[in-house]
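J.: structure25.json is reproduced below (JSON, C-alpha atoms).
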[["chain", "number", "residue", "atom", "x", "y", "z"],
["W", 147, "MET", "CA", -33.90, 102.69, 108.01],
["W", 148, "GLY", "CA", -32.43, 99.81, 110.00],
["W", 149, "SER", "CA", -34.25, 97.23, 107.89],
["W", 150, "GLN", "CA", -32.86, 98.78, 104.70],
["W", 151, "ILE", "CA", -29.32, 98.64, 106.05],
["W", 152, "SER", "CA", -29.88, 95.02, 107.07],
["W", 153, "LYS", "CA", -31.11, 94.15, 103.57],
["W", 154, "GLN", "CA", -28.07, 95.78, 101.99],
["W", 155, "LEU", "CA", -25.72, 93.88, 104.25],
["W", 156, "GLU", "CA", -27.47, 90.62, 103.38],
["W", 157, "LYS", "CA", -27.25, 91.44, 99.68],
["W", 158, "ARG", "CA", -23.54, 92.21, 99.87],
["W", 159, "LYS", "CA", -22.96, 88.96, 101.69],
["W", 160, "ALA", "CA", -24.91, 87.03, 99.03],
["W", 161, "ILE", "CA", -22.87, 88.65, 96.24],
["W", 162, "SER", "CA", -19.60, 87.87, 98.03],
["W", 163, "THR", "CA", -20.67, 84.25, 98.57],
["W", 164, "GLU", "CA", -21.64, 83.82, 94.92],
["W", 165, "LYS", "CA", -18.42, 85.36, 93.61],
["W", 166, "LYS", "CA", -16.46, 82.98, 95.82],
["W", 167, "ALA", "CA", -18.50, 80.03, 94.48],
["W", 168, "LEU", "CA", -17.34, 80.80, 90.93],
["W", 169, "VAL", "CA", -13.74, 81.25, 92.05],
["W", 170, "ASP", "CA", -13.86, 77.88, 93.82],
["W", 171, "LEU", "CA", -15.48, 76.21, 90.82],
["W", 172, "GLY", "CA", -12.73, 77.52, 88.57],
["W", 173, "GLY", "CA", -10.09, 76.33, 90.98],
["W", 174, "SER", "CA", -11.50, 72.81, 91.10],
["W", 175, "SER", "CA", -12.24, 72.31, 87.40],
["W", 176, "GLY", "CA", -9.88, 74.63, 85.54],
["W", 177, "GLU", "CA", -10.65, 76.21, 82.18],
["W", 178, "THR", "CA", -9.45, 73.63, 79.68],
["W", 179, "TYR", "CA", -11.71, 72.25, 76.96],
["W", 180, "PRO", "CA", -11.30, 71.13, 73.33],
["W", 181, "GLY", "CA", -9.93, 74.11, 71.44],
["W", 182, "SER", "CA", -9.24, 76.22, 74.53],
["W", 183, "ASP", "CA", -5.66, 76.83, 73.41],
["W", 184, "TYR", "CA", -6.64, 77.89, 69.86],
["W", 185, "ARG", "CA", -5.95, 81.50, 68.92],
["W", 186, "PRO", "CA", -7.16, 82.76, 65.51],
["W", 187, "SER", "CA", -4.44, 84.57, 63.62],
["W", 188, "ASP", "CA", -6.96, 87.16, 62.38],
["W", 189, "ARG", "CA", -10.02, 87.77, 64.56],
["W", 190, "LYS", "CA", -11.52, 90.05, 61.92],
["W", 191, "ASN", "CA", -11.63, 87.07, 59.55],
["W", 192, "TRP", "CA", -11.83, 84.16, 61.97],
["W", 193, "MET", "CA", -14.59, 82.32, 60.09],
["W", 194, "ALA", "CA", -12.53, 82.48, 56.91],
["W", 195, "GLY", "CA", -9.64, 81.01, 58.90],
["W", 196, "LEU", "CA", -11.71, 77.94, 59.78],
["W", 197, "ASN", "CA", -12.44, 77.21, 56.10],
["W", 198, "PRO", "CA", -15.91, 78.30, 54.89],
["W", 199, "GLU", "CA", -16.31, 75.07, 52.91],
["W", 200, "LYS", "CA", -16.02, 73.00, 56.10],
["W", 201, "LEU", "CA", -17.63, 75.28, 58.67],
["W", 202, "HIS", "CA", -21.36, 74.61, 59.07],
["W", 203, "ILE", "CA", -23.69, 77.21, 60.57],
["W", 204, "ASN", "CA", -24.73, 74.78, 63.33],
["W", 205, "GLN", "CA", -21.09, 74.17, 64.32],
["W", 206, "ILE", "CA", -20.38, 77.78, 65.18],
["W", 207, "VAL", "CA", -20.16, 79.05, 68.74],
["W", 208, "TRP", "CA", -21.16, 82.61, 67.97],
["W", 209, "PRO", "CA", -19.53, 85.36, 70.10],
["W", 210, "GLY", "CA", -22.22, 87.97, 70.73],
["W", 211, "THR", "CA", -22.67, 91.29, 72.47],
["W", 212, "HIS", "CA", -25.51, 92.24, 74.81],
["W", 213, "ASP", "CA", -27.04, 95.68, 74.13],
["W", 214, "SER", "CA", -24.52, 96.05, 71.34],
["W", 215, "ALA", "CA", -25.06, 99.67, 70.30],
["W", 216, "THR", "CA", -24.72, 101.36, 73.69],
["W", 217, "ASN", "CA", -21.13, 102.61, 73.46],
["W", 218, "LYS", "CA", -22.32, 106.25, 73.27],
["W", 219, "ILE", "CA", -25.67, 106.02, 75.04],
["W", 220, "GLY", "CA", -26.86, 108.71, 77.43],
["W", 221, "ILE", "CA", -24.70, 111.52, 78.82],
["W", 222, "PRO", "CA", -21.02, 110.70, 79.58],
["W", 223, "MET", "CA", -20.26, 110.36, 83.29],
["W", 224, "ILE", "CA", -23.90, 111.10, 84.17],
["W", 225, "THR", "CA", -26.43, 108.65, 82.71],
["W", 226, "ARG", "CA", -24.12, 106.58, 80.48],
["W", 227, "PRO", "CA", -22.73, 104.30, 83.23],
["W", 228, "PHE", "CA", -26.27, 103.13, 84.02],
["W", 229, "ALA", "CA", -26.98, 101.86, 80.49],
["W", 230, "GLN", "CA", -23.68, 101.36, 78.67],
["W", 231, "CYS", "CA", -23.01, 97.66, 78.04],
["W", 232, "GLN", "CA", -20.30, 98.00, 75.37],
["W", 233, "SER", "CA", -17.35, 100.37, 75.04],
["W", 234, "LEU", "CA", -16.55, 99.52, 71.41],
["W", 235, "SER", "CA", -18.41, 100.73, 68.33],
["W", 236, "ILE", "CA", -20.34, 98.20, 66.25],
["W", 237, "TYR", "CA", -17.55, 98.20, 63.68],
["W", 238, "ARG", "CA", -14.84, 97.61, 66.30],
["W", 239, "GLN", "CA", -16.88, 94.82, 67.89],
["W", 240, "LEU", "CA", -17.10, 93.07, 64.53],
["W", 241, "CYS", "CA", -13.38, 93.50, 63.90],
["W", 242, "VAL", "CA", -12.60, 92.00, 67.32],
["W", 243, "GLY", "CA", -14.67, 88.96, 66.32],
["W", 244, "THR", "CA", -18.25, 89.58, 67.47],
["W", 245, "ARG", "CA", -20.72, 87.84, 65.18],
["W", 246, "VAL", "CA", -24.07, 88.41, 66.94],
["W", 247, "LEU", "CA", -25.41, 91.92, 67.52],
["W", 248, "ASP", "CA", -28.28, 92.78, 69.88],
["W", 249, "VAL", "CA", -29.80, 96.15, 68.95],
["W", 250, "ARG", "CA", -32.86, 97.79, 70.57],
["W", 251, "VAL", "CA", -34.78, 100.56, 68.80],
["W", 252, "GLN", "CA", -37.65, 102.94, 69.50],
["W", 253, "GLU", "CA", -40.27, 104.66, 67.32],
["W", 254, "ASP", "CA", -37.89, 107.15, 65.68],
["W", 255, "ARG", "CA", -35.30, 104.48, 64.75],
["W", 256, "ARG", "CA", -32.93, 105.64, 67.45],
["W", 257, "VAL", "CA", -31.12, 102.95, 69.41],
["W", 258, "CYS", "CA", -32.14, 102.85, 73.06],
["W", 259, "HIS", "CA", -31.68, 100.97, 76.32],
["W", 260, "GLY", "CA", -34.69, 101.52, 78.51],
["W", 261, "ILE", "CA", -35.40, 105.26, 78.59],
["W", 262, "LEU", "CA", -31.94, 106.32, 77.40],
["W", 263, "THR", "CA", -31.18, 106.86, 73.72],
["W", 264, "THR", "CA", -28.17, 107.10, 71.46],
["W", 265, "TYR", "CA", -27.49, 107.35, 67.72],
["W", 266, "SER", "CA", -29.81, 106.33, 64.88],
["W", 267, "VAL", "CA", -29.92, 102.71, 63.77],
["W", 268, "ASP", "CA", -28.46, 104.05, 60.51],
["W", 269, "VAL", "CA", -25.10, 104.10, 62.31],
["W", 270, "VAL", "CA", -25.41, 100.39, 63.12],
["W", 271, "ILE", "CA", -26.24, 99.55, 59.51],
["W", 272, "GLN", "CA", -23.44, 101.70, 58.11],
["W", 273, "GLU", "CA", -20.82, 100.16, 60.39],
["W", 274, "LEU", "CA", -22.06, 96.63, 59.66],
["W", 275, "LYS", "CA", -21.88, 97.29, 55.92],
["W", 276, "LYS", "CA", -18.39, 98.74, 56.28],
["W", 277, "PHE", "CA", -17.26, 95.54, 58.00],
["W", 278, "LEU", "CA", -18.93, 93.36, 55.37],
["W", 279, "SER", "CA", -17.22, 95.32, 52.58],
["W", 280, "GLU", "CA", -13.83, 94.63, 54.15],
["W", 281, "THR", "CA", -14.34, 90.87, 54.61],
["W", 282, "GLN", "CA", -15.54, 88.05, 52.39],
["W", 283, "SER", "CA", -16.62, 85.04, 54.46],
["W", 284, "GLU", "CA", -17.84, 86.37, 57.81],
["W", 285, "ILE", "CA", -21.52, 85.72, 58.64],
["W", 286, "VAL", "CA", -23.24, 88.08, 61.12],
["W", 287, "ILE", "CA", -26.48, 87.57, 63.03],
["W", 288, "LEU", "CA", -28.16, 90.96, 63.48],
["W", 289, "GLU", "CA", -30.99, 90.92, 66.02],
["W", 290, "ILE", "CA", -33.07, 94.09, 66.09],
["W", 291, "ARG", "CA", -36.00, 94.44, 68.46],
["W", 292, "THR", "CA", -38.35, 97.19, 69.55],
["W", 293, "GLU", "CA", -37.43, 98.08, 73.12],
["W", 294, "PHE", "CA", -39.97, 97.32, 75.86],
["W", 295, "GLY", "CA", -42.39, 100.18, 76.37],
["W", 296, "HIS", "CA", -41.92, 101.58, 72.86],
["W", 297, "ASP", "CA", -43.82, 101.31, 69.58],
["W", 298, "ASP", "CA", -42.33, 99.79, 66.45],
["W", 299, "PRO", "CA", -40.62, 102.15, 64.00],
["W", 300, "PRO", "CA", -42.98, 102.58, 61.00],
["W", 301, "GLU", "CA", -42.25, 100.26, 58.07],
["W", 302, "PHE", "CA", -39.05, 99.11, 59.70],
["W", 303, "ASP", "CA", -39.04, 95.77, 57.90],
["W", 304, "LYS", "CA", -38.93, 97.58, 54.56],
["W", 305, "TYR", "CA", -36.10, 99.77, 55.83],
["W", 306, "LEU", "CA", -34.01, 96.73, 56.83],
["W", 307, "GLU", "CA", -34.63, 95.02, 53.50],
["W", 308, "GLU", "CA", -33.69, 98.15, 51.56],
["W", 309, "GLN", "CA", -30.51, 98.71, 53.57],
["W", 310, "LEU", "CA", -29.27, 95.10, 53.72],
["W", 311, "GLY", "CA", -31.01, 93.39, 50.82],
["W", 312, "GLU", "CA", -27.88, 92.28, 48.96],
["W", 313, "TYR", "CA", -26.49, 90.66, 52.12],
["W", 314, "LEU", "CA", -29.62, 89.07, 53.62],
["W", 315, "ILE", "CA", -29.84, 85.30, 54.08],
["W", 316, "HIS", "CA", -33.55, 84.53, 53.80],
["W", 317, "GLN", "CA", -35.46, 82.80, 56.59],
["W", 318, "ASP", "CA", -35.11, 79.06, 55.90],
["W", 319, "ASP", "CA", -34.73, 76.06, 58.23],
["W", 320, "ASN", "CA", -32.21, 74.52, 55.81],
["W", 321, "VAL", "CA", -29.69, 77.28, 56.62],
["W", 322, "PHE", "CA", -28.68, 75.56, 59.87],
["W", 323, "GLY", "CA", -27.21, 72.57, 58.07],
["W", 324, "LYS", "CA", -25.36, 74.53, 55.41],
["W", 325, "THR", "CA", -21.74, 75.62, 55.30],
["W", 326, "ILE", "CA", -20.72, 79.25, 55.12],
["W", 327, "ALA", "CA", -19.54, 78.68, 51.54],
["W", 328, "GLU", "CA", -23.02, 77.48, 50.57],
["W", 329, "LEU", "CA", -24.58, 80.71, 51.82],
["W", 330, "LEU", "CA", -22.12, 83.18, 50.30],
["W", 331, "PRO", "CA", -22.26, 85.88, 49.01],
["W", 332, "LYS", "CA", -25.17, 86.41, 51.44],
["W", 333, "ARG", "CA", -23.74, 87.37, 54.83],
["W", 334, "VAL", "CA", -26.43, 88.55, 57.28],
["W", 335, "ILE", "CA", -29.11, 86.69, 59.22],
["W", 336, "CYS", "CA", -31.35, 89.56, 60.33],
["W", 337, "VAL", "CA", -33.82, 88.72, 63.11],
["W", 338, "TRP", "CA", -36.51, 91.40, 63.41],
["W", 339, "LYS", "CA", -38.56, 91.34, 66.61],
["W", 340, "PRO", "CA", -41.36, 93.93, 66.49],
["W", 341, "ARG", "CA", -43.72, 94.40, 69.43],
["W", 342, "LYS", "CA", -46.95, 94.91, 67.45],
["W", 343, "SER", "CA", -46.14, 94.87, 63.73],
["W", 344, "PRO", "CA", -46.50, 91.59, 61.78],
["W", 345, "ALA", "CA", -43.62, 89.15, 62.25],
["W", 346, "PRO", "CA", -41.50, 88.18, 59.23],
["W", 347, "LYS", "CA", -42.93, 85.18, 57.39],
["W", 348, "HIS", "CA", -41.14, 81.99, 56.39],
["W", 349, "GLY", "CA", -39.03, 82.56, 53.29],
["W", 350, "SER", "CA", -38.86, 86.32, 53.75],
["W", 351, "PRO", "CA", -35.55, 88.23, 53.83],
["W", 352, "LEU", "CA", -35.92, 88.74, 57.61],
["W", 353, "TRP", "CA", -36.13, 86.11, 60.35],
["W", 354, "SER", "CA", -38.84, 86.01, 63.00],
["W", 355, "ALA", "CA", -38.40, 86.02, 66.79],
["W", 356, "GLY", "CA", -38.81, 82.27, 67.17],
["W", 357, "TYR", "CA", -35.48, 81.71, 65.45],
["W", 358, "LEU", "CA", -33.46, 83.34, 68.24],
["W", 359, "LYS", "CA", -34.38, 82.19, 71.72],
["W", 360, "ASP", "CA", -32.94, 82.60, 75.20],
["W", 361, "ASN", "CA", -33.92, 82.39, 78.86],
["W", 362, "TRP", "CA", -33.05, 85.75, 80.34],
["W", 363, "ILE", "CA", -32.69, 85.79, 84.13],
["W", 364, "ASP", "CA", -32.66, 89.30, 85.60],
["W", 365, "THR", "CA", -30.23, 89.09, 88.51],
["W", 366, "ASP", "CA", -27.04, 90.66, 89.81],
["W", 367, "LEU", "CA", -25.92, 87.42, 91.47],
["W", 368, "PRO", "CA", -23.19, 85.79, 89.36],
["W", 369, "SER", "CA", -23.43, 82.17, 90.50],
["W", 370, "THR", "CA", -27.22, 82.29, 90.25],
["W", 371, "LYS", "CA", -26.95, 83.47, 86.64],
["W", 372, "PHE", "CA", -24.19, 80.96, 85.84],
["W", 373, "GLU", "CA", -26.25, 78.04, 87.16],
["W", 374, "SER", "CA", -29.44, 79.25, 85.47],
["W", 375, "ASN", "CA", -27.61, 79.52, 82.15],
["W", 376, "MET", "CA", -26.36, 75.96, 82.55],
["W", 377, "LYS", "CA", -29.78, 74.59, 83.50],
["W", 378, "HIS", "CA", -31.61, 76.17, 80.58],
["W", 379, "LEU", "CA", -28.88, 75.25, 78.11],
["W", 380, "SER", "CA", -28.97, 71.61, 79.22],
["W", 381, "GLU", "CA", -32.69, 71.52, 78.37],
["W", 382, "GLN", "CA", -32.13, 72.51, 74.71],
["W", 383, "PRO", "CA", -31.77, 70.13, 71.74],
["W", 384, "PRO", "CA", -28.22, 69.68, 70.39],
["W", 385, "VAL", "CA", -27.18, 72.19, 67.74],
["W", 386, "SER", "CA", -27.09, 69.38, 65.15],
["W", 387, "SER", "CA", -30.87, 68.97, 65.34],
["W", 388, "ARG", "CA", -31.97, 72.48, 66.33],
["W", 389, "LYS", "CA", -33.80, 74.71, 63.86],
["W", 390, "PHE", "CA", -33.34, 77.91, 65.85],
["W", 391, "PHE", "CA", -30.50, 79.81, 67.48],
["W", 392, "TYR", "CA", -30.23, 79.61, 71.26],
["W", 393, "ARG", "CA", -28.36, 82.27, 73.22],
["W", 394, "VAL", "CA", -26.67, 82.16, 76.60],
["W", 395, "GLU", "CA", -25.67, 85.55, 78.05],
["W", 396, "ASN", "CA", -22.65, 85.74, 80.33],
["W", 397, "THR", "CA", -24.02, 88.84, 82.06],
["W", 398, "VAL", "CA", -25.53, 90.00, 85.32],
["W", 399, "THR", "CA", -27.69, 93.09, 85.65],
["W", 400, "PRO", "CA", -27.86, 95.97, 88.15],
["W", 401, "GLN", "CA", -30.87, 95.80, 90.47],
["W", 402, "ALA", "CA", -32.84, 98.62, 92.05],
["W", 403, "ASP", "CA", -32.41, 97.18, 95.55],
["W", 404, "ASN", "CA", -28.62, 97.49, 95.41],
["W", 405, "PRO", "CA", -26.58, 100.71, 95.70],
["W", 406, "ILE", "CA", -24.34, 99.64, 92.80],
["W", 407, "VAL", "CA", -26.42, 100.37, 89.70],
["W", 408, "CYS", "CA", -23.73, 101.05, 87.08],
["W", 409, "VAL", "CA", -23.45, 98.25, 84.54],
["W", 410, "LYS", "CA", -19.70, 97.64, 84.44],
["W", 411, "PRO", "CA", -18.92, 96.88, 88.11],
["W", 412, "VAL", "CA", -21.96, 94.61, 88.30],
["W", 413, "THR", "CA", -21.40, 92.65, 85.10],
["W", 414, "ASN", "CA", -17.71, 92.25, 86.00],
["W", 415, "ARG", "CA", -18.87, 89.78, 88.67],
["W", 416, "ILE", "CA", -19.39, 87.19, 85.92],
["W", 417, "HIS", "CA", -17.48, 88.61, 82.95],
["W", 418, "GLY", "CA", -14.27, 86.66, 83.59],
["W", 419, "TYR", "CA", -15.96, 83.26, 83.80],
["W", 420, "ALA", "CA", -16.80, 82.65, 80.13],
["W", 421, "ARG", "CA", -14.13, 79.98, 79.71],
["W", 422, "LEU", "CA", -15.24, 78.37, 82.97],
["W", 423, "PHE", "CA", -18.78, 78.17, 81.61],
["W", 424, "ILE", "CA", -17.60, 76.43, 78.44],
["W", 425, "THR", "CA", -15.48, 74.06, 80.54],
["W", 426, "GLN", "CA", -18.52, 73.21, 82.64],
["W", 427, "CYS", "CA", -20.59, 72.65, 79.50],
["W", 428, "VAL", "CA", -18.06, 70.05, 78.40],
["W", 429, "SER", "CA", -17.92, 68.49, 81.87],
["W", 430, "LYS", "CA", -21.71, 68.25, 82.14],
["W", 431, "GLY", "CA", -22.18, 66.87, 78.63],
["W", 432, "CYS", "CA", -23.99, 69.82, 77.09],
["W", 433, "ALA", "CA", -21.20, 71.42, 75.04],
["W", 434, "ASP", "CA", -23.01, 70.19, 71.91],
["W", 435, "LYS", "CA", -25.86, 72.58, 72.81],
["W", 436, "LEU", "CA", -23.86, 75.79, 73.16],
["W", 437, "GLN", "CA", -24.43, 78.10, 70.21],
["W", 438, "ILE", "CA", -24.68, 81.88, 70.79],
["W", 439, "PHE", "CA", -22.65, 83.09, 73.75],
["W", 440, "SER", "CA", -22.98, 86.81, 74.51],
["W", 441, "THR", "CA", -21.41, 89.24, 76.95],
["W", 442, "ASP", "CA", -21.21, 92.85, 78.04],
["W", 443, "PHE", "CA", -17.97, 94.72, 77.19],
["W", 444, "ILE", "CA", -16.70, 92.05, 74.81],
["W", 445, "ASP", "CA", -12.94, 91.50, 74.61],
["W", 446, "GLU", "CA", -10.49, 89.40, 72.63],
["W", 447, "ASP", "CA", -10.34, 86.55, 75.12],
["W", 448, "PHE", "CA", -14.11, 86.08, 75.06],
["W", 449, "VAL", "CA", -14.04, 85.85, 71.27],
["W", 450, "GLU", "CA", -11.15, 83.39, 71.34],
["W", 451, "ALA", "CA", -12.95, 81.22, 73.90],
["W", 452, "CYS", "CA", -15.85, 80.81, 71.46],
["W", 453, "VAL", "CA", -13.73, 80.44, 68.34],
["W", 454, "GLY", "CA", -11.62, 77.76, 70.02],
["W", 455, "LEU", "CA", -14.60, 75.49, 70.66],
["W", 456, "THR", "CA", -15.81, 76.17, 67.10],
["W", 457, "GLN", "CA", -12.44, 75.11, 65.74],
["W", 458, "ALA", "CA", -12.56, 71.91, 67.81],
["W", 459, "ARG", "CA", -15.99, 71.10, 66.37],
["W", 460, "VAL", "CA", -14.72, 71.58, 62.81],
["W", 461, "GLU", "CA", -11.78, 69.27, 63.57],
["W", 462, "GLY", "CA", -14.08, 66.65, 65.10],
["W", 463, "LYS", "CA", -12.59, 67.11, 68.58],
["W", 464, "ALA", "CA", -15.76, 68.39, 70.27]]
Now that the file is in, can you turn its structure into structure tokens?

T.:
Amino acid sequence: MGSQISKQLEKRKAISTEKKALVDLGGSSGETYPGSDYRPSDRKNWMAGLNPEKLHINQIVWPGTHDSATNKIGIPMITRPFAQCQSLSIYRQLCVGTRVLDVRVQEDRRVCHGILTTYSVDVVIQELKKFLSETQSEIVILEIRTEFGHDDPPEFDKYLEEQLGEYLIHQDDNVFGKTIAELLPKRVICVWKPRKSPAPKHGSPLWSAGYLKDNWIDTDLPSTKFESNMKHLSEQPPVSSRKFFYRVENTVTPQADNPIVCVKPVTNRIHGYARLFITQCVSKGCADKLQIFSTDFIDEDFVEACVGLTQARVEGKA
């Protein structure tokens, strides 16, 4: 019993130290970078506002959500706080400015996060299509994967092609160098990551797992995650020469050895430091490598932080 209490005290001290490290870093370097003062007039149509004929796919800093379809997961006030990573629906996330969705499914096509489930993936598709019908120039990356420990939904690739066929941008390395205008009216890059089923082939309507990479670090320590994100990002090729999407996630994750296991209070340890991360990218010379930037509980400021750097790239200022 005494050893457990000692471990908890050490863990709380480590968390406090790491939170202070980010506060001190922000105080010493600030949060100013090219485009940091830019505010899109219409977040629902922010890509259109940056001129689709000028905006290249590899210039975009894509605001993304982690575990996107968890707004109604589990039982409210009972299991939901342990798995909910977003409070907004898929449609509302897209209207706020999210352009990368991370969706996990199980055998019956229900969205899940670990052992907890929520609505059918049909809801995700319907809300995505509603958003696409209300906009004209917004490109969305939809990543769908089979959750760990589950089997792939039967014939899921055919389902995705049937549901999104008119919008799908086919798997092609040349897409990265194209402008949004050159891809329209196609609007969705759908990355399908099955666990056992065959991966999508080159040229198919769906994109394979190798086109969306990241280096996930499972920790609840904010400075540790921040520094790991920076290290792995610095090792990537610049977006101008990269033929895959690379994601950095501004999140930390509840751990079993800590009494705080609800998502929101844990991820809040790093949530407010998105602009600081971009500032540090610029300071350390790796801002040209930042591409997909995702978060739990996305908000307007997070979107604007990403859109601002995108705008600076379009204007040749970053």

J.: Pick out the closest residue to Arg291 (chain W) from this set: W:Pro340, W:Pro368, W:Gly260, W:Pro331. Count only C-alpha atoms.

T.: W:Pro340

J.: Counting only C-alpha atoms, figure out which residue out of W:Tyr184, W:Ser152, W:Pro222, W:His348 gets nearest to Asp319 (chain W).

T.: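 Checking each candidate against Asp319 (chain W), we get W:His348 as the closest.
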
J.: Give me, please, the distance in Å between CA of Cys427 (chain W) and CA of Leu168 (chain W), quoted to one decimal.

T.: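 Rounded to one decimal, the two atoms are 14.4 Å apart.
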
J.: Region 316-379 of chain W near region 279-288 of chain W within 8 Å: what's each residue's closest atom pair and its distance in Å to one decimal, counting all atoms listed in the file, ordered by chain then ascending residue number, as a tab-separated table?

T.:
residue	atom	partner	partner_atom	distance
W:Ile326	CA	W:Ser283	CA	7.1
W:Ala327	CA	W:Ser283	CA	7.6
W:Leu330	CA	W:Ser283	CA	7.1
W:Pro331	CA	W:Gln282	CA	7.8
W:Arg333	CA	W:Ile285	CA	4.7
W:Val334	CA	W:Val286	CA	5.0
W:Ile335	CA	W:Ile287	CA	4.7
W:Cys336	CA	W:Leu288	CA	4.7
W:Val337	CA	W:Leu288	CA	6.1

J.: Listed atoms of region 401-404 of chain W, axis-aligned box, 5 Å per side: centre and edge lengths to one decimal in Å, as AutoDock Vina command-line options?

T.:
--center_x -30.7 --center_y 97.2 --center_z 93.0 --size_x 14.2 --size_y 12.8 --size_z 15.1

J.: Find the residues around Leu352 (chain W) up to 12 Å (all atoms listed in the file counted), leave out those fewer than 2 positions away in its own chain, and share them as a PyMOL selection string.

T.: chain W and resi 287-290+302-308+310-311+313-318+334-340+344-350+354-357

J.: Could you save those same residues with C-alpha atoms as a short mmCIF file (atom, residue, chain, number, x, y, z; two decimals), in the coordinates of the input?

T.:
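The resulting file, out03.cif, is reproduced below:
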data_model
loop_
_atom_site.label_atom_id
_atom_site.label_comp_id
_atom_site.auth_asym_id
_atom_site.auth_seq_id
_atom_site.Cartn_x
_atom_site.Cartn_y
_atom_site.Cartn_z
CA ILE W 287 -26.48 87.57 63.03
CA LEU W 288 -28.16 90.96 63.48
CA GLU W 289 -30.99 90.92 66.02
CA ILE W 290 -33.07 94.09 66.09
CA PHE W 302 -39.05 99.11 59.70
CA ASP W 303 -39.04 95.77 57.90
CA LYS W 304 -38.93 97.58 54.56
CA TYR W 305 -36.10 99.77 55.83
CA LEU W 306 -34.01 96.73 56.83
CA GLU W 307 -34.63 95.02 53.50
CA GLU W 308 -33.69 98.15 51.56
CA LEU W 310 -29.27 95.10 53.72
CA GLY W 311 -31.01 93.39 50.82
CA TYR W 313 -26.49 90.66 52.12
CA LEU W 314 -29.62 89.07 53.62
CA ILE W 315 -29.84 85.30 54.08
CA HIS W 316 -33.55 84.53 53.80
CA GLN W 317 -35.46 82.80 56.59
CA ASP W 318 -35.11 79.06 55.90
CA VAL W 334 -26.43 88.55 57.28
CA ILE W 335 -29.11 86.69 59.22
CA CYS W 336 -31.35 89.56 60.33
CA VAL W 337 -33.82 88.72 63.11
CA TRP W 338 -36.51 91.40 63.41
CA LYS W 339 -38.56 91.34 66.61
CA PRO W 340 -41.36 93.93 66.49
CA PRO W 344 -46.50 91.59 61.78
CA ALA W 345 -43.62 89.15 62.25
CA PRO W 346 -41.50 88.18 59.23
CA LYS W 347 -42.93 85.18 57.39
CA HIS W 348 -41.14 81.99 56.39
CA GLY W 349 -39.03 82.56 53.29
CA SER W 350 -38.86 86.32 53.75
CA SER W 354 -38.84 86.01 63.00
CA ALA W 355 -38.40 86.02 66.79
CA GLY W 356 -38.81 82.27 67.17
CA TYR W 357 -35.48 81.71 65.45
#

J.: As a list in words, please: the residues near region 400-417 of chain W (cut-off 9 Å, all atoms listed in the file, same-chain neighbours under 6 positions excluded).

T.: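 Here the answer would be Lys153, Gln154, Lys157, Arg158, Ile161, Lys165, Leu168, Arg226, Pro227, Phe228, Ala229, Gln230, Cys231, Asp364, Thr365, Asp366, Leu367, Pro368, Ser369, Lys371, Phe372, Thr441, Asp442, Phe443, Ile444 and Phe448 of chain W.
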
J.: From the set W:Tyr237, W:Pro383, W:Phe322, W:Val394, which residue has the shortest atom-to-atom contact distance to Trp362 (chain W), counting all atoms listed in the file?

T.: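 Closest residue, counting all atoms listed in the file: W:Val394.
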